[in-house]
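Note sheet for the following structure.
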Amino acid sequence: TRPTLVQRMGSFLAPVFPLFRAGIVSSFVGYGIADLIIRIRRLLLPSFVPATQPINVLYASIYTGLFMAVISNVRYQILQGMIEPVVDQVFAKIPVVKNALILLIRWANGFLGSVLAITGMRACGLQKLK
């Protein structure tokens with residue numbers, strides 16, 4: 001059965017807060033640990049010069065939460081609501097090809113997400129090379 005417009009909107013809105021929360025918490029921990037390790041390394045090895053400028057952990061975490069809630073959410077809604085059903089339908093009788101295509105499409109979606117996230121961080125001034 002095809003989802004109604006209300007169901008489709010609900011499937012977009014339902015994961016927004018959990019994705020935002022997951023993005024903020026995970027990136028706050030990740031960026032925080034990375035920042036701490038770089039600070040310790042600079043303290044122990046004064047000659048060490050990191051390749052990037054220090055990051056604002058709070059802003060980077062908020063950016064990541066927003067990115068996951070909006071950009072990642074939209075990408076996965078398109079992937080699971082439009083692209084994968086077509087692949088399922090077209091290649092239903094060839095499961096090996098269907099599974100390989102879905103794997104490739106999901107990998108490409110993850111790669112696209114990484115590129116978009118880094119590009120956005122650079123555009124917002126959150127990630128800068130020295």
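Each chain in the structure tokens gets a letter, A, B, ..., in the order shown, and its residues are numbered from 1; ligands are numbered from 1 in order too.
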Would you mind listing what lies within 9 Å of segment 72-80 of chain A as an mmCIF file with N, CA, C and O atoms, in the first residue's frame, with only C-alpha atoms counted and same-chain residues fewer than 2 positions away left out?
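The resulting result11.cif:
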data_model
loop_
_atom_site.group_PDB
_atom_site.id
_atom_site.type_symbol
_atom_site.label_atom_id
_atom_site.label_comp_id
_atom_site.auth_asym_id
_atom_site.auth_seq_id
_atom_site.Cartn_x
_atom_site.Cartn_y
_atom_site.Cartn_z
ATOM 1 N N ARG A 8 3.426 10.234 4.872
ATOM 2 C CA ARG A 8 4.731 10.595 4.319
ATOM 3 C C ARG A 8 5.310 11.784 5.082
ATOM 4 O O ARG A 8 6.488 11.808 5.415
ATOM 5 N N SER A 11 6.487 10.611 8.408
ATOM 6 C CA SER A 11 7.753 9.869 8.349
ATOM 7 C C SER A 11 8.938 10.813 8.223
ATOM 8 O O SER A 11 10.058 10.452 8.572
ATOM 9 N N PHE A 12 8.708 12.021 7.738
ATOM 10 C CA PHE A 12 9.775 13.013 7.699
ATOM 11 C C PHE A 12 9.936 13.698 9.051
ATOM 12 O O PHE A 12 11.045 13.917 9.520
ATOM 13 N N LEU A 13 8.817 14.036 9.688
ATOM 14 C CA LEU A 13 8.874 14.797 10.939
ATOM 15 C C LEU A 13 9.242 13.943 12.150
ATOM 16 O O LEU A 13 9.910 14.427 13.063
ATOM 17 N N PRO A 15 11.446 11.527 12.801
ATOM 18 C CA PRO A 15 12.845 11.345 13.215
ATOM 19 C C PRO A 15 13.637 12.631 13.430
ATOM 20 O O PRO A 15 14.809 12.560 13.790
ATOM 21 N N VAL A 16 13.019 13.803 13.227
ATOM 22 C CA VAL A 16 13.782 15.052 13.301
ATOM 23 C C VAL A 16 14.441 15.224 14.669
ATOM 24 O O VAL A 16 15.658 15.436 14.758
ATOM 25 N N LEU A 19 17.134 12.483 15.507
ATOM 26 C CA LEU A 19 18.344 12.679 14.711
ATOM 27 C C LEU A 19 19.127 13.892 15.205
ATOM 28 O O LEU A 19 20.363 13.852 15.279
ATOM 29 N N PHE A 67 22.316 19.201 10.741
ATOM 30 C CA PHE A 67 22.600 18.493 9.492
ATOM 31 C C PHE A 67 21.903 17.135 9.474
ATOM 32 O O PHE A 67 21.253 16.771 8.489
ATOM 33 N N MET A 68 22.024 16.404 10.561
ATOM 34 C CA MET A 68 21.387 15.089 10.614
ATOM 35 C C MET A 68 19.869 15.205 10.585
ATOM 36 O O MET A 68 19.198 14.412 9.907
ATOM 37 N N ALA A 69 19.321 16.159 11.315
ATOM 38 C CA ALA A 69 17.863 16.306 11.392
ATOM 39 C C ALA A 69 17.250 16.715 10.059
ATOM 40 O O ALA A 69 16.132 16.303 9.749
ATOM 41 N N VAL A 70 17.985 17.489 9.268
ATOM 42 C CA VAL A 70 17.411 17.989 8.020
ATOM 43 C C VAL A 70 17.985 17.264 6.797
ATOM 44 O O VAL A 70 17.273 16.555 6.090
ATOM 45 N N MET A 82 11.581 6.541 -2.319
ATOM 46 C CA MET A 82 11.461 6.668 -3.770
ATOM 47 C C MET A 82 12.423 5.755 -4.535
ATOM 48 O O MET A 82 12.012 5.081 -5.475
ATOM 49 N N ILE A 83 13.678 5.738 -4.155
ATOM 50 C CA ILE A 83 14.683 5.018 -4.943
ATOM 51 C C ILE A 83 14.647 3.508 -4.675
ATOM 52 O O ILE A 83 14.563 2.709 -5.618
ATOM 53 N N GLU A 84 14.720 3.118 -3.401
ATOM 54 C CA GLU A 84 14.748 1.689 -3.094
ATOM 55 C C GLU A 84 13.494 0.945 -3.553
ATOM 56 O O GLU A 84 13.615 -0.179 -4.045
ATOM 57 N N PRO A 85 12.284 1.513 -3.427
ATOM 58 C CA PRO A 85 11.111 0.792 -3.952
ATOM 59 C C PRO A 85 11.191 0.539 -5.464
ATOM 60 O O PRO A 85 10.760 -0.514 -5.936
ATOM 61 N N ILE A 105 23.886 1.984 -3.767
ATOM 62 C CA ILE A 105 23.143 3.236 -3.588
ATOM 63 C C ILE A 105 23.292 3.754 -2.164
ATOM 64 O O ILE A 105 23.505 4.955 -1.941
ATOM 65 N N ARG A 106 23.216 2.861 -1.191
ATOM 66 C CA ARG A 106 23.384 3.292 0.211
ATOM 67 C C ARG A 106 24.796 3.781 0.473
ATOM 68 O O ARG A 106 25.013 4.739 1.213
ATOM 69 N N ASN A 109 25.057 7.178 -0.983
ATOM 70 C CA ASN A 109 24.333 8.112 -0.131
ATOM 71 C C ASN A 109 25.177 8.500 1.092
ATOM 72 O O ASN A 109 25.221 9.669 1.483
ATOM 73 N N GLY A 113 26.635 12.174 1.897
ATOM 74 C CA GLY A 113 26.414 12.803 3.195
ATOM 75 C C GLY A 113 27.704 13.336 3.801
ATOM 76 O O GLY A 113 27.734 14.440 4.349
#
Chain A: residues DSSP assigns to helix (DSSP H, G or I), reported as a VMD selection string: chain A and resid 5 to 13 16 to 44 57 to 90 95 to 123
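The nearest approach to Tyr59 of chain A among the residues A:Ser114, A:Thr119, A:Ser27, A:Gln89, with only C-alpha atoms taken into account, belongs to A:Ser27.
Nearest residue to Val57 of chain A among A:Leu45, A:Ile102, A:Phe28, A:Gly120 is A:Phe28, counting only C-alpha atoms.
Remark: for Asp35 of chain A, the closest of the candidate residues A:Thr52, A:Thr64, A:Ser47, A:Gln7 is A:Thr52 (distances computed over only C-alpha atoms).
Atom pair atom CA of Ala123 of chain A / atom CA of Ala14 of chain A has a distance of 28.3 Å (rounded to one decimal).
Here atom CA of Ser61 of chain A is placed at a distance of 8.0 Å from atom CA of Ser26 of chain A.
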Taking only C-alpha atoms into account, which of A:Met9, A:Cys124, A:Ile71, A:Ile62 comes nearest Ala22 of chain A? A:Ile62
Nearest to Met121 of chain A, chosen from A:Ile33, A:Leu101, A:Phe91, A:Ala60, with only C-alpha atoms counted in the distances: A:Ala60
